[in-house]
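One file, data25.txt, carrying compact mmCIF, C-alpha atoms:
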```
# COMPACT_ATOMS: atom_id res chain seq x y z
CA MET A 30 120.62 62.11 34.77
CA GLN A 31 120.66 61.29 31.10
CA GLY A 32 123.38 58.86 30.17
CA LEU A 33 123.44 57.12 33.54
CA MET A 34 120.27 55.10 33.06
CA MET A 35 120.40 51.56 31.71
CA ASP A 36 118.81 51.13 28.32
CA TYR A 37 117.66 47.55 29.05
CA PRO A 38 115.94 45.89 32.03
CA LEU A 39 118.20 44.42 34.67
CA THR A 40 117.09 40.80 34.51
CA LEU A 41 118.68 37.51 35.41
CA GLN A 42 119.02 36.71 31.70
CA HIS A 43 121.58 39.52 31.36
CA ALA A 44 123.60 38.22 34.32
CA PHE A 45 123.47 34.71 32.82
CA ASP A 46 124.57 35.88 29.37
CA ARG A 47 127.39 38.00 30.82
CA ALA A 48 128.72 35.16 33.00
CA VAL A 49 128.81 32.77 30.06
CA ARG A 50 130.31 35.35 27.68
CA ILE A 51 132.95 36.94 29.90
CA PHE A 52 133.82 34.19 32.38
CA HIS A 53 133.43 31.18 30.09
CA ARG A 54 136.74 29.65 31.25
CA LYS A 55 136.26 30.28 34.99
CA GLU A 56 135.29 27.30 37.10
CA ILE A 57 132.30 26.63 39.28
CA VAL A 58 133.34 24.25 42.07
CA THR A 59 130.97 22.28 44.29
CA ARG A 60 131.91 19.88 47.07
CA THR A 61 129.92 16.66 46.74
CA ASP A 62 129.84 13.37 48.62
CA THR A 63 132.29 11.91 46.11
CA GLY A 64 134.69 14.88 45.98
CA LEU A 65 134.82 18.14 44.08
CA HIS A 66 132.71 18.75 40.98
CA ARG A 67 134.28 21.26 38.59
CA TYR A 68 133.04 22.74 35.37
CA THR A 69 133.30 26.03 33.53
CA TYR A 70 130.74 28.77 33.13
CA ARG A 71 130.55 27.78 29.46
CA GLU A 72 129.55 24.22 30.44
CA TRP A 73 127.18 25.59 33.08
CA GLY A 74 125.56 27.81 30.46
CA LYS A 75 124.98 24.87 28.12
CA ARG A 76 123.49 22.70 30.88
CA THR A 77 121.31 25.55 32.13
CA ALA A 78 119.96 26.20 28.62
CA GLN A 79 119.26 22.48 28.17
CA LEU A 80 117.41 22.43 31.48
CA ALA A 81 115.31 25.46 30.48
CA HIS A 82 114.40 23.76 27.20
CA ALA A 83 113.52 20.53 29.01
CA LEU A 84 111.22 22.44 31.37
CA GLN A 85 109.62 24.19 28.43
CA ASP A 86 109.14 20.84 26.68
CA ALA A 87 107.52 19.55 29.89
CA GLY A 88 104.89 22.27 29.52
CA VAL A 89 106.17 24.92 31.93
CA LYS A 90 104.76 28.32 31.00
CA GLN A 91 105.68 31.87 32.01
CA GLY A 92 104.54 32.79 35.50
CA GLU A 93 104.11 29.21 36.72
CA ARG A 94 105.81 28.29 39.98
CA ILE A 95 108.51 25.63 39.95
CA ALA A 96 109.72 24.42 43.34
CA THR A 97 113.20 23.14 44.07
CA PHE A 98 114.20 21.02 47.02
CA GLY A 99 117.88 20.38 47.53
CA TRP A 100 121.26 21.53 48.71
CA ASN A 101 123.14 24.50 47.30
CA THR A 102 125.13 22.71 44.57
CA TYR A 103 126.05 23.23 40.94
CA ARG A 104 122.79 21.51 39.97
CA HIS A 105 120.79 23.94 42.05
CA LEU A 106 122.71 26.83 40.47
CA GLU A 107 121.51 25.58 37.09
CA LEU A 108 117.94 25.62 38.39
CA TYR A 109 118.37 29.10 39.91
CA PHE A 110 118.99 30.46 36.42
CA ALA A 111 117.05 28.10 34.13
CA ILE A 112 113.68 28.63 35.81
CA PRO A 113 113.61 32.47 35.95
CA CYS A 114 115.26 32.82 32.53
CA LEU A 115 112.43 30.68 31.16
CA GLY A 116 109.95 33.15 32.66
CA ALA A 117 108.71 30.85 35.40
CA VAL A 118 108.88 31.61 39.12
CA LEU A 119 111.60 29.87 41.15
CA HIS A 120 110.22 28.65 44.47
CA THR A 121 112.90 27.20 46.75
CA LEU A 122 111.69 24.89 49.49
CA ASN A 123 113.54 24.85 52.80
CA VAL A 124 115.12 21.44 53.37
CA ARG A 125 114.97 21.97 57.13
CA LEU A 126 111.18 22.12 57.39
CA PHE A 127 108.94 19.29 58.57
CA ALA A 128 106.96 17.38 55.93
CA GLU A 129 103.65 18.89 57.10
CA GLN A 130 105.05 22.39 56.68
CA LEU A 131 106.36 21.56 53.21
CA VAL A 132 102.97 20.16 52.16
CA TYR A 133 101.25 23.37 53.29
CA ILE A 134 103.76 25.59 51.48
CA ILE A 135 103.64 23.54 48.27
CA ASN A 136 99.84 23.55 48.23
CA ASN A 137 99.65 27.26 48.99
CA ALA A 138 102.15 28.13 46.26
CA GLU A 139 100.40 25.86 43.75
CA ASP A 140 103.73 24.65 42.40
CA LYS A 141 103.37 23.08 38.94
CA ILE A 142 106.54 21.01 39.28
CA ILE A 143 108.76 20.14 42.24
CA LEU A 144 112.37 19.40 41.32
CA LEU A 145 113.74 17.15 44.02
CA MET A 146 117.43 16.41 44.34
CA GLU A 147 118.19 12.68 44.37
CA THR A 148 119.37 12.65 48.00
CA TRP A 149 115.95 13.91 49.09
CA SER A 150 113.79 11.29 47.37
CA PRO A 151 112.76 9.63 50.70
CA ILE A 152 110.96 12.83 51.71
CA ARG A 153 108.65 12.43 48.71
CA GLU A 154 106.81 9.48 50.26
CA HIS A 155 106.64 11.19 53.63
CA CYS A 156 105.07 14.32 52.08
CA ARG A 157 102.51 12.25 50.20
CA SER A 158 101.22 10.79 53.46
CA ALA A 159 101.08 14.16 55.25
```
Output the file's structure as structure tokens, nothing else.
Amino acid sequence: MQGLMMDYPLTLQHAFDRAVRIFHRKEIVTRTDTGLHRYTYREWGKRTAQLAHALQDAGVKQGERIATFGWNTYRHLELYFAIPCLGAVLHTLNVRLFAEQLVYIINNAEDKIILLMETWSPIREHCRSA
């Protein structure tokens, strides 16, 4: 089957690069509490790269687990790509779990960082006491 095999690994970085390169003018639209948030794949690519650099500057290394806790929004999409493209492991936490369950999962996963969406900040104190 020579000629049909890919000559590079199929990684998320390739999907990211292709989206930014080919669909740079297409919009990503998210419904928020204040209305619709719109931006292009080009803008998304820039923000995602900035986020990856910020995580790297914060000391995140390849293979470390980074947890996210939030709704499926444009900000979470940035995390979905920034974390794996950096070489870290994306660990999504289920917003529908009880605090005790979240504490167990977080401790078991040994997450280095938990990225918490602003609307979920009250859960932080509840998890600390669990």
Coordinates-based distance that separates atom CA of Asp46 of chain A from atom CA of Trp73 of chain A (Å, one decimal):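 Distance reported for this atom pair: 11.2 Å.
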Residue contacts of Thr77 of chain A (12 Å, all atoms listed in the file) excluding same-chain residues fewer than 2 positions away, as a VMD selection string: chain A and resid 42 45 to 46 49 70 to 75 79 to 84 103 to 115
If you take every atom of segment 126-137 of chain A that the file lists and fit an axis-aligned box around them with 8 Å extra on each side, what centre and edge lengths come out in Å to one decimal, as lines of an AutoDock Vina configuration file?
```
center_x = 105.4
center_y = 22.3
center_z = 53.4
size_x = 27.5
size_y = 25.9
size_z = 26.3
```
Given only C-alpha atoms as the counted atoms, nearest of A:Ile57, A:Ala128, A:Ile95, A:Met146 to Gly116 of chain A: A:Ile95
Option closest in space to Tyr68 of chain A, from A:Phe52, A:Ile135, A:Lys141, A:Leu39 [counting all atoms listed in the file]: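 Closest to Tyr68 of chain A of all the choices is A:Phe52.
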Coordinates-based distance that separates atom CA of Ala96 of chain A from atom CA of Asn136 of chain A (Å, one decimal): 11.1 Å
Computed interatomic separation between atom CA of Leu126 of chain A and atom CA of Gly92 of chain A (Å):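 Rounded to one decimal, the two atoms are 25.2 Å apart.
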From A:Gly99, A:Pro38, A:Gly88, A:Gly64, residue lying nearest Thr121 of chain A [only C-alpha atoms]: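 Once distances to Thr121 of chain A are computed over only C-alpha atoms, the minimum belongs to A:Gly99.
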Exercise: Asp140 of chain A partners within 10 Å, only C-alpha atoms, chain neighbours under 5 positions left out, as a ChimeraX atom specification: /A:93-97,118-120,134-135
Can you write out the residues you just picked, keeping C-alpha atoms, as a tab-separated table (two decimals), in the coordinates of the input?
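Listing of again-v1.tsv after writing:
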```tsv
chain	number	residue	atom	x	y	z
A	93	GLU	CA	104.11	29.21	36.72
A	94	ARG	CA	105.81	28.29	39.98
A	95	ILE	CA	108.51	25.63	39.95
A	96	ALA	CA	109.72	24.42	43.34
A	97	THR	CA	113.20	23.14	44.07
A	118	VAL	CA	108.88	31.61	39.12
A	119	LEU	CA	111.60	29.87	41.15
A	120	HIS	CA	110.22	28.65	44.47
A	134	ILE	CA	103.76	25.59	51.48
A	135	ILE	CA	103.64	23.54	48.27
```
